[in-house]
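See structure below.
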Amino acid sequence: MNPSAMVTLDESPIRRAPLRGVSSPAPEYAGATSALPSASPWSALIDAKLKGDRQIQRLTARVQELAALLAATEERARRALAQDLHDETGAALTAANLALARAAHWLPADAPAALGDALHQAREALADVSDTSHRIVETLQTPAFDAGIAAALDTWIERFRARTAMSVDFACPRDARLQRLSHDMSLALLRVMQEALGNVARHAGAARASVTVDIDGDGVTLTVEDDGVGISAAARRKNGRFGLAGMRARCEALGGSLRVAAAKPVGTCVRARLPWTAARPGLFAFGVIHA
């Protein structure tokens, strides 16, 4: 007997139970499994999701880049304006004051009293303009933060109180991490506070404001609140309104955020949040103008 006649070989494909979520191959692929697509619909969705995430990361990085460019450009413009005010405007005011002093000196003894009073008023007006110009230069120039962010904020708030007669409370923790705050982070916090308090003085009609600095393991938060008339949702969304775009750009350039909301029971709350990862040196540092 031929042994091969006793053995029957079943050469048909082995039938397997279908996998959940994976469709069975079409009949025309039978016997040619090497031609089947290797990717399932789920892997295609995962690939699309990963591609979308990478695109979002690239766009986020680009937005942060542009925000940093905007903030740096604003700081450069501030420095140029402060330099012009300090050099050109300051020199012109000094020359005008000296001219009025010479006119007063050579005024005849029998000159009308009204003429002497006019010269005196003109010199007082020039002195006021000089003080205002000097104050603007101090606000525009880039500070050095040699004594730390807390001292810089406190000094500016003290001058703001004297200038506006507004009550401003300041609270800042004594923490060594604030002493090691990068120049970029310190400058961003100072500029946000300056703009926020400036808005309070110009628009809010407030009697009291507060500035608070809080820190935690993730970053630093600056909060400026007032008891004024508040700000509407439409005004918060409007580009360029109350300098919000510049404040927001400074925060976003450092990977942070800015939130403007109604305070309770009245007023406005501006909250700037900067992460510790924002400690990139030299982003806004353009030097200091010395009067």
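Scheme for the structure tokens: letters A, B, ... for chains in order shown; per-chain residue numbers from 1; ligand numbers from 1 in order shown.
Excluding Leu181 (chain A) itself and same-chain residues fewer than 6 positions from it, the residues having an atom within 12 Å of it are Phe145, Asp146, Ala147, Gly148, Ile149, Ala150, Asp175, Leu187, Ala188, Leu189, Ile215, Gly219, Val220, Leu274, Pro275, Trp276, Thr277, Ala278, Ala279, Arg280 and Pro281 of chain A, counting only C-alpha atoms.
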Write out as a tab-separated table the residues of region 120-208 of chain A that have any atom within 7 Å of an atom of region 86-95 of chain A, one row each with the nearest atom pair and its distance in Å to one decimal, counting only C-alpha atoms, sorted by chain and then rising number.
residue	atom	partner	partner_atom	distance
A:Leu126	CA	A:Leu93	CA	6.8
A:Ser130	CA	A:Leu93	CA	6.7
A:Val137	CA	A:His86	CA	6.6
With C-alpha atoms retained, write the just-selected residues as a PDB file, in the first residue's frame.
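Saved the output as again_36.pdb:
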ATOM      1  CA  LEU A 126       8.569 124.280  33.882  1.00  0.00           C
ATOM      2  CA  SER A 130      10.514 118.545  34.535  1.00  0.00           C
ATOM      3  CA  VAL A 137      11.651 108.263  32.498  1.00  0.00           C
TER       4      VAL A 137
END
Measuring atom to atom with only C-alpha atoms, identify which of A:Ala253, A:Met193, A:Leu140, A:Leu98 is nearest to Arg79 (chain A). A:Leu140
12 Å contact set for Val229 (chain A), only C-alpha atoms, chain neighbours under 5 positions out, as a PyMOL selection string: chain A and resi 199-208+262-269
Write a file of the selected residues as a short mmCIF file (atom, residue, chain, number, x, y, z; two decimals), in the first residue's frame, keeping N, CA and C atoms.
data_model
loop_
_atom_site.label_atom_id
_atom_site.label_comp_id
_atom_site.auth_asym_id
_atom_site.auth_seq_id
_atom_site.Cartn_x
_atom_site.Cartn_y
_atom_site.Cartn_z
N ASN A 199 -3.93 101.74 34.99
CA ASN A 199 -5.33 101.65 34.58
C ASN A 199 -6.27 101.99 35.73
N VAL A 200 -5.90 101.55 36.93
CA VAL A 200 -6.73 101.86 38.10
C VAL A 200 -6.81 103.37 38.29
N ALA A 201 -5.64 104.04 38.18
CA ALA A 201 -5.63 105.49 38.39
C ALA A 201 -6.38 106.24 37.30
N ARG A 202 -6.30 105.74 36.05
CA ARG A 202 -6.89 106.48 34.93
C ARG A 202 -8.37 106.18 34.72
N HIS A 203 -8.77 104.94 34.98
CA HIS A 203 -10.10 104.52 34.54
C HIS A 203 -11.04 104.03 35.65
N ALA A 204 -10.49 103.52 36.75
CA ALA A 204 -11.33 102.77 37.69
C ALA A 204 -12.12 103.64 38.65
N GLY A 205 -11.63 104.84 38.96
CA GLY A 205 -12.29 105.65 39.97
C GLY A 205 -12.25 104.98 41.32
N ALA A 206 -11.15 104.29 41.61
CA ALA A 206 -11.04 103.51 42.84
C ALA A 206 -10.44 104.34 43.96
N ALA A 207 -10.76 103.95 45.19
CA ALA A 207 -10.17 104.58 46.37
C ALA A 207 -9.06 103.72 46.95
N ARG A 208 -9.09 102.43 46.65
CA ARG A 208 -8.12 101.51 47.24
C ARG A 208 -7.75 100.42 46.22
N ALA A 262 -13.76 90.37 36.92
CA ALA A 262 -14.41 91.24 37.89
C ALA A 262 -14.02 90.79 39.30
N ALA A 263 -13.69 91.76 40.13
CA ALA A 263 -13.37 91.45 41.52
C ALA A 263 -14.65 91.43 42.35
N LYS A 264 -14.60 90.82 43.52
CA LYS A 264 -15.77 90.76 44.40
C LYS A 264 -15.50 91.57 45.65
N PRO A 265 -16.46 92.41 46.07
CA PRO A 265 -17.79 92.63 45.47
C PRO A 265 -17.79 93.59 44.30
N VAL A 266 -16.73 94.46 44.20
CA VAL A 266 -16.67 95.42 43.10
C VAL A 266 -15.23 95.50 42.61
N GLY A 267 -15.06 96.17 41.46
CA GLY A 267 -13.71 96.41 40.98
C GLY A 267 -13.24 95.39 39.96
N THR A 268 -11.93 95.39 39.75
CA THR A 268 -11.29 94.54 38.75
C THR A 268 -10.13 93.78 39.38
N CYS A 269 -9.92 92.57 38.91
CA CYS A 269 -8.80 91.73 39.37
C CYS A 269 -7.95 91.35 38.16
#
From the options A:Ala44, A:Leu153, A:Val129, A:Leu100, which residue's atoms come nearest to Leu85 (chain A), counting only C-alpha atoms? A:Val129
List every residue of region 29-182 of chain A that DSSP, applied to the backbone, labels as helix (DSSP H, G or I), and write the result as an NGL selection string. :A and (29 or 33-35 or 41-105 or 113-140 or 149-164 or 176-179)
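Interatomic distance, CA of Val168 (chain A) against CA of Ser210 (chain A): 5.2 Å.
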Skipping near chain neighbours, those fewer than 6 positions away, what residues fall within 12 Å of Arg159 (chain A) using only C-alpha atoms, listed as a ChimeraX atom specification? /A:135-136,138-139,152-153,165-168,194,197
Hey, what's within 7 Å of Ala272 (chain A) if we count only C-alpha atoms and toss same-chain stuff fewer than 4 positions away? As number ranges by chain, please? A: 221-223, 251, 257-259
Take the residues from that selection and write them out as a tab-separated table (two decimals), in the first residue's frame, keeping N, CA and C atoms.
chain	number	residue	atom	x	y	z
A	221	THR	N	2.70	84.18	41.14
A	221	THR	CA	1.45	84.82	40.75
A	221	THR	C	1.42	86.24	41.31
A	222	LEU	N	1.15	87.21	40.43
A	222	LEU	CA	0.97	88.59	40.82
A	222	LEU	C	-0.49	88.96	40.64
A	223	THR	N	-1.12	89.50	41.69
A	223	THR	CA	-2.53	89.87	41.64
A	223	THR	C	-2.68	91.34	42.00
A	251	CYS	N	3.36	87.95	29.56
A	251	CYS	CA	3.16	86.69	30.29
A	251	CYS	C	3.31	85.49	29.36
A	257	SER	N	0.48	83.22	31.85
A	257	SER	CA	-0.87	83.61	31.44
A	257	SER	C	-1.29	84.86	32.19
A	258	LEU	N	-2.28	85.56	31.63
A	258	LEU	CA	-2.86	86.73	32.25
A	258	LEU	C	-4.36	86.58	32.27
A	259	ARG	N	-4.96	86.86	33.42
A	259	ARG	CA	-6.41	86.76	33.57
A	259	ARG	C	-6.95	88.06	34.15
Just the residues within 10 Å of region 101-108 of chain A, please, counting only C-alpha atoms, with nothing from its chain fewer than 3 positions along; format it as a VMD selection string. chain A and resid 95 to 98 111 to 112 115 to 120 123
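Taking CA of Val63 (chain A) and CA of Ala196 (chain A) as the two end points, the separation is 23.2 Å.
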Which of region 16-211 of chain A end up as strand (DSSP E) when DSSP is run on this backbone - answer as a ChimeraX atom specification? /A:167-171,208-211
Write a file of the selected residues as an mmCIF file, in the first residue's frame, keeping N, CA and C atoms.
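out_39.cif, freshly written:
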data_model
loop_
_atom_site.group_PDB
_atom_site.id
_atom_site.type_symbol
_atom_site.label_atom_id
_atom_site.label_comp_id
_atom_site.auth_asym_id
_atom_site.auth_seq_id
_atom_site.Cartn_x
_atom_site.Cartn_y
_atom_site.Cartn_z
ATOM 1 N N SER A 167 -4.713 104.687 48.252
ATOM 2 C CA SER A 167 -4.254 103.683 49.213
ATOM 3 C C SER A 167 -3.981 102.373 48.470
ATOM 4 N N VAL A 168 -2.748 101.879 48.557
ATOM 5 C CA VAL A 168 -2.363 100.634 47.886
ATOM 6 C C VAL A 168 -1.695 99.723 48.909
ATOM 7 N N ASP A 169 -2.293 98.568 49.158
ATOM 8 C CA ASP A 169 -1.703 97.566 50.042
ATOM 9 C C ASP A 169 -0.778 96.663 49.236
ATOM 10 N N PHE A 170 0.362 96.288 49.833
ATOM 11 C CA PHE A 170 1.327 95.431 49.154
ATOM 12 C C PHE A 170 1.694 94.270 50.057
ATOM 13 N N ALA A 171 1.577 93.060 49.523
ATOM 14 C CA ALA A 171 1.917 91.855 50.284
ATOM 15 C C ALA A 171 2.786 90.955 49.421
ATOM 16 N N ARG A 208 -9.088 102.434 46.653
ATOM 17 C CA ARG A 208 -8.119 101.507 47.235
ATOM 18 C C ARG A 208 -7.752 100.424 46.221
ATOM 19 N N ALA A 209 -6.503 99.975 46.297
ATOM 20 C CA ALA A 209 -6.038 98.885 45.458
ATOM 21 C C ALA A 209 -5.103 98.010 46.286
ATOM 22 N N SER A 210 -4.846 96.826 45.802
ATOM 23 C CA SER A 210 -3.923 95.914 46.487
ATOM 24 C C SER A 210 -3.078 95.172 45.464
ATOM 25 N N VAL A 211 -1.827 94.922 45.838
ATOM 26 C CA VAL A 211 -0.896 94.155 45.012
ATOM 27 C C VAL A 211 -0.386 93.008 45.871
#
